[in-house]
Amino acid sequence: MDVAALLTSAGINIAITVVLLSLYSILRKQPSNLNVYFTRRLASRRTKRKGSSCFERFVPSPSWILKAWETTEDEILALAGMDAVVFLKIIVFSIRIFCIASVVCLFLLLPVNYFGKEMIHKQIPSESLDVFSIANVREGSAWLWSHCFALYIISCAACALLYFEYKSITKMRLEHITGSLRSPDYFTVLVRAIPLASEESYSDSVGKYFMNYYASSYLAHQMVYRSGTVQKLMSDAEKMYNVLKNVTAEHPKLISCRLCCGAPNSFKMLSEEADSVKGNTRYGDLDRDTREKESAAAFVFFKTRYAAIVAAEVLQSANPMLWVTDLAPEPHDVLWSNLWIPYRQLWIRKITILVGSIAFMFVFLAPVTLVQGLTHLDQLSHAFPFLRGILKQNFINQLLTGYLPSVVLMLFLYTVPPTMMLFSKVEGPISRSGRKKSACIKVLYFTIWNVFFVNVLSGSIIGQLSVFTVRQIPRKLAEAVPLQAGFFMTYVLTSGWASLSCEIVQPVALIWNFMKKFIIRMKEDTSGCTLSFPYHTEVPKLLLFGLIGFICSILAPLILPLLLIYFVLGYLVYRNQIINVYITKYESGGRMWPIVHNTTIFSVVMMQIIALGVFGLKRSPIASGFTIPLLIGTLLFNEYCRQRFSPAFQKVATEIVVDMDREDERNGTMEEIYQELMSAYCQLKLTKLTSKDSNKSTDVSHHEGRDCIRDPEALKQVWIEKDPSGESN
């Protein structure tokens, strides 16, 4: 690839980015798009309609950039939670490290690479990108010490920044835990694999077990029920009712259905009070049914946080497949549909999903090879002579080699996150954050393997028309990565710059909003449009660009300005989306940061290994010798961080929870917390809660004045009945 092809790709993507950002600054001002671009503010009823002239509404403005820049970290923490702050810290870390790398590599390495060989240089647009990479440095050159020096600076700066970020986020996590004084999940343990006794129900077994072994700390328990067909139909009917009641404003109690022979009273709307159901149902009528639907899982509540943590950590039975305990997720985070899955099936599910994920990765080799074929048109033209006439046109050649490959790969990659999310749910996690974390790891492994390794190695196969063994992979990486730098630059432009502009425009939500208002003609907003932040897609994307940036920094420094612009633009775009669009439905306490740390260390180590291979190919024993101690030091640093910080993200410290328990006892708030526990976790509309102090059934959903957090997947929340200005409709 030459510079002209790169400039063609850059021009197309810059035009797309500028047009979409300008379009966003106009669309966000339209009153009809409030529930697309201000979903969070609508949900909190903080958006006010400001009177503006017709001319101002159709003129692009940078006001959203200023607002995103001025919002402080404390405001984002209060608004969106710790996970959002940790996500933005990933971007801030990337900006800092690539600023350092850009200064060192552009001013030191780029001239060395360009003048590395004695040759007659062409005009810049006609130059090959290889001229600006380490591939242009002759073997045995004394200037390779500069690359080793830059490698030391980048590696040491990355480790120092990682240490301070890890320390800061660990402190923030501890503050998050101590600030969650009334959070019910610290008092609650999820028990699975409850053994079935012939003479008693699961509920009776749980009560007897914990009264026997935790008599002084056991408070109560709540059974988990299997999600049957009836519950599915009821939830679907409720969702359909919420949709149909908004179709027309003229006939709120009568909706005609043309599919039912034109009958004018096909659907009759029930009142919101649901008098035909409410009040006629008694728990005693459903007692036998609910007992039959009990699953081998339950939420067990304890009197103190310390007792719950001890019960969650210790082995409950001599058979580790029975009475399995874990700390419960927070109520909004519970993935109810997975709680009743038999515990003995989980290991089979995990193995099956692992095999399925590996198979999916190998299936994806076909589109990646296609993409690499587009970047090696000279080799393909020999195999397919009929393409030679088309490829002689400069613009077509530049378009196919500079823009099309990254677009094709990006389109194929859109299928990966939903597939991995489905795989993660089938694995059987107990929480939504756990499902999203598992999907994040799968997407990360998938993208690193296919976008980086398979692209590099398949490009080497196509370029040399040969295969190689596993032992030759390090050598092939050292040879091929500098030659594939052009593809990675176009990938950053397409999957980075252009995708950020699509993220802020929200095309899917915008189209649905248009259809809802002007085709379906819904008069009220619905909560179905509310979104949580897609960490499972955005975190792997940031880490992939970080990997590409680290590896290419000393090999092909031209990629660094493109990456730096991507991260700065991403910082503004994601801040805007967190402030205005995405709603925080649950909190994991920053548990994604260890994934970020480990992936960054992997990227730094890969940078050092590939640099070591390049120094060997360039016959520079001094540079190779100095790289080995740096590699060992990086691995030792990672082990220190794993011992020093990682446990804080896996377990809760005893001194913290004991101090929290003592403070609640001194303040006399324990009884209030116990009362809140009784209605914290609510799966069905009628849920039996059993405590050691009472054998009577308690209908949790009939407690007036208490928040009963039901399954968000089964029940649809009623949307705001007021307009954003706060006035009644």
# chains A, B, ... in the order shown; residues from 1 in each chain; ligands from 1
call {"tool": "residues_around", "arguments": {"residues": "Thr325 in chain A", "least_positions_apart": "2", "cutoff": "7 Å", "atoms": "only C-alpha atoms", "output": "ChimeraX atom specification"}}
result
/A:189-192,312,323,327
call {"tool": "residues_around", "arguments": {"residues": "Ala160 in chain A", "least_positions_apart": "5", "cutoff": "12 Å", "atoms": "only C-alpha atoms", "output": "list in words"}}
result
Phe93, Arg96, Ile97, Ile153, Ile154, Ser155, Glu165, Tyr166, Lys167, His597, Ile601, Thr634, Phe637, Asn638 and Cys641 of chain A
call {"tool": "residues_around", "arguments": {"residues": "Ser431 in chain A", "least_positions_apart": "2", "cutoff": "6 Å", "atoms": "only C-alpha atoms", "output": "PyMOL selection string"}}
result
chain A and resi 333-335+429+433-434
call {"tool": "write_last_selection", "arguments": {"atoms": "N, CA and C atoms", "output": "tab-separated table (two decimals), in the first residue's frame"}}
result
chain	number	residue	atom	x	y	z
A	333	ASP	N	-29.07	-6.61	39.02
A	333	ASP	CA	-28.07	-7.34	38.25
A	333	ASP	C	-28.38	-8.82	38.11
A	334	VAL	N	-29.39	-9.30	38.79
A	334	VAL	CA	-29.69	-10.73	38.80
A	334	VAL	C	-30.19	-11.17	37.44
A	335	LEU	N	-29.64	-12.24	36.92
A	335	LEU	CA	-30.11	-12.84	35.67
A	335	LEU	C	-31.02	-14.01	36.03
A	429	PRO	N	-24.27	-17.74	33.66
A	429	PRO	CA	-23.88	-16.79	34.72
A	429	PRO	C	-25.10	-16.35	35.53
A	433	SER	N	-24.05	-8.49	34.79
A	433	SER	CA	-22.67	-8.00	34.67
A	433	SER	C	-21.70	-9.15	34.41
A	434	GLY	N	-21.97	-10.33	35.02
A	434	GLY	CA	-21.14	-11.49	34.75
A	434	GLY	C	-21.27	-11.96	33.31
call {"tool": "atom_distance", "arguments": {"atom1": "CA of Leu365 in chain A", "atom2": "CA of Thr447 in chain A"}}
result
11.7 Å
call {"tool": "residues_around", "arguments": {"residues": "Glu503 in chain A", "least_positions_apart": "6", "cutoff": "10 Å", "atoms": "only C-alpha atoms", "output": "JSON, numbers by chain"}}
result
{"A": [20, 570, 573, 574, 577]}
call {"tool": "write_last_selection", "arguments": {"atoms": "all heavy atoms", "output": "PDB file, in the first residue's frame"}}
result
ATOM      1  N   LEU A  20     -21.310  13.059   9.787  1.00  0.00           N
ATOM      2  CA  LEU A  20     -22.146  12.457  10.831  1.00  0.00           C
ATOM      3  C   LEU A  20     -22.121  13.270  12.122  1.00  0.00           C
ATOM      4  O   LEU A  20     -23.155  13.415  12.796  1.00  0.00           O
ATOM      5  CB  LEU A  20     -21.690  11.023  11.098  1.00  0.00           C
ATOM      6  CG  LEU A  20     -21.988  10.007   9.978  1.00  0.00           C
ATOM      7  CD1 LEU A  20     -21.482   8.631  10.352  1.00  0.00           C
ATOM      8  CD2 LEU A  20     -23.477   9.951   9.677  1.00  0.00           C
ATOM      9  N   GLY A 570     -12.910   9.583  20.848  1.00  0.00           N
ATOM     10  CA  GLY A 570     -13.665   8.633  21.653  1.00  0.00           C
ATOM     11  C   GLY A 570     -13.919   9.137  23.058  1.00  0.00           C
ATOM     12  O   GLY A 570     -14.985   8.890  23.640  1.00  0.00           O
ATOM     13  N   VAL A 573     -16.877  11.516  22.637  1.00  0.00           N
ATOM     14  CA  VAL A 573     -18.106  10.837  22.235  1.00  0.00           C
ATOM     15  C   VAL A 573     -18.657   9.983  23.371  1.00  0.00           C
ATOM     16  O   VAL A 573     -19.856  10.042  23.696  1.00  0.00           O
ATOM     17  CB  VAL A 573     -17.848   9.979  20.979  1.00  0.00           C
ATOM     18  CG1 VAL A 573     -19.035   9.040  20.717  1.00  0.00           C
ATOM     19  CG2 VAL A 573     -17.604  10.861  19.775  1.00  0.00           C
ATOM     20  N   TYR A 574     -17.803   9.171  23.997  1.00  0.00           N
ATOM     21  CA  TYR A 574     -18.284   8.290  25.056  1.00  0.00           C
ATOM     22  C   TYR A 574     -18.734   9.079  26.286  1.00  0.00           C
ATOM     23  O   TYR A 574     -19.680   8.678  26.970  1.00  0.00           O
ATOM     24  CB  TYR A 574     -17.198   7.280  25.434  1.00  0.00           C
ATOM     25  CG  TYR A 574     -16.974   6.219  24.384  1.00  0.00           C
ATOM     26  CD1 TYR A 574     -15.711   5.993  23.847  1.00  0.00           C
ATOM     27  CD2 TYR A 574     -18.025   5.442  23.921  1.00  0.00           C
ATOM     28  CE1 TYR A 574     -15.499   5.026  22.885  1.00  0.00           C
ATOM     29  CE2 TYR A 574     -17.826   4.474  22.957  1.00  0.00           C
ATOM     30  CZ  TYR A 574     -16.561   4.264  22.442  1.00  0.00           C
ATOM     31  OH  TYR A 574     -16.359   3.306  21.488  1.00  0.00           O
ATOM     32  N   GLN A 577     -22.203  10.204  25.447  1.00  0.00           N
ATOM     33  CA  GLN A 577     -23.170   9.115  25.492  1.00  0.00           C
ATOM     34  C   GLN A 577     -23.477   8.691  26.927  1.00  0.00           C
ATOM     35  O   GLN A 577     -24.618   8.381  27.266  1.00  0.00           O
ATOM     36  CB  GLN A 577     -22.645   7.916  24.705  1.00  0.00           C
ATOM     37  CG  GLN A 577     -22.392   8.189  23.225  1.00  0.00           C
ATOM     38  CD  GLN A 577     -23.636   8.608  22.478  1.00  0.00           C
ATOM     39  OE1 GLN A 577     -24.003   9.785  22.460  1.00  0.00           O
ATOM     40  NE2 GLN A 577     -24.302   7.658  21.865  1.00  0.00           N
TER      41      GLN A 577
END
call {"tool": "residues_around", "arguments": {"residues": "Leu444 in chain A", "least_positions_apart": "6", "cutoff": "12 Å", "atoms": "only C-alpha atoms", "output": "PyMOL selection string"}}
result
chain A and resi 361+413+416-417+420+436-438+450-452+535-547+595-596+598-600
call {"tool": "select_by_dssp", "arguments": {"residues": "range 183-222 of chain A", "states": "helix (DSSP H, G or I)", "output": "list in words"}}
result
Pro184, Asp185, Tyr186, Phe187, Tyr202, Ser203, Asp204, Ser205, Val206, Gly207, Lys208, Tyr209, Phe210, Met211, Asn212 and Tyr213 of chain A
call {"tool": "closest_residue", "arguments": {"among": "A:Leu339, A:Ser102, A:Glu587, A:Ile194", "to": "Asn319 in chain A", "atoms": "only C-alpha atoms"}}
result
A:Ile194
call {"tool": "closest_residue", "arguments": {"among": "A:Tyr186, A:Thr494, A:Asp326, A:Phe301", "to": "Glu313 in chain A", "atoms": "only C-alpha atoms"}}
result
A:Asp326
call {"tool": "closest_residue", "arguments": {"among": "A:Gly589, A:Gln675, A:Ala498, A:Val454", "to": "Leu21 in chain A", "atoms": "only C-alpha atoms"}}
result
A:Ala498
call {"tool": "atom_distance", "arguments": {"atom1": "CA of Val137 in chain A", "atom2": "CA of Gly116 in chain A"}}
result
4.1 Å
call {"tool": "residues_around", "arguments": {"residues": "Leu422 in chain A", "least_positions_apart": "4", "cutoff": "10 Å", "atoms": "only C-alpha atoms", "output": "MDAnalysis selection string"}}
result
chainID A and resid 353 417:418 426:427 435 439
call {"tool": "closest_residue", "arguments": {"among": "A:Ser624, A:Leu162, A:Asn33, A:Met172", "to": "Leu77 in chain A", "atoms": "only C-alpha atoms"}}
result
A:Met172
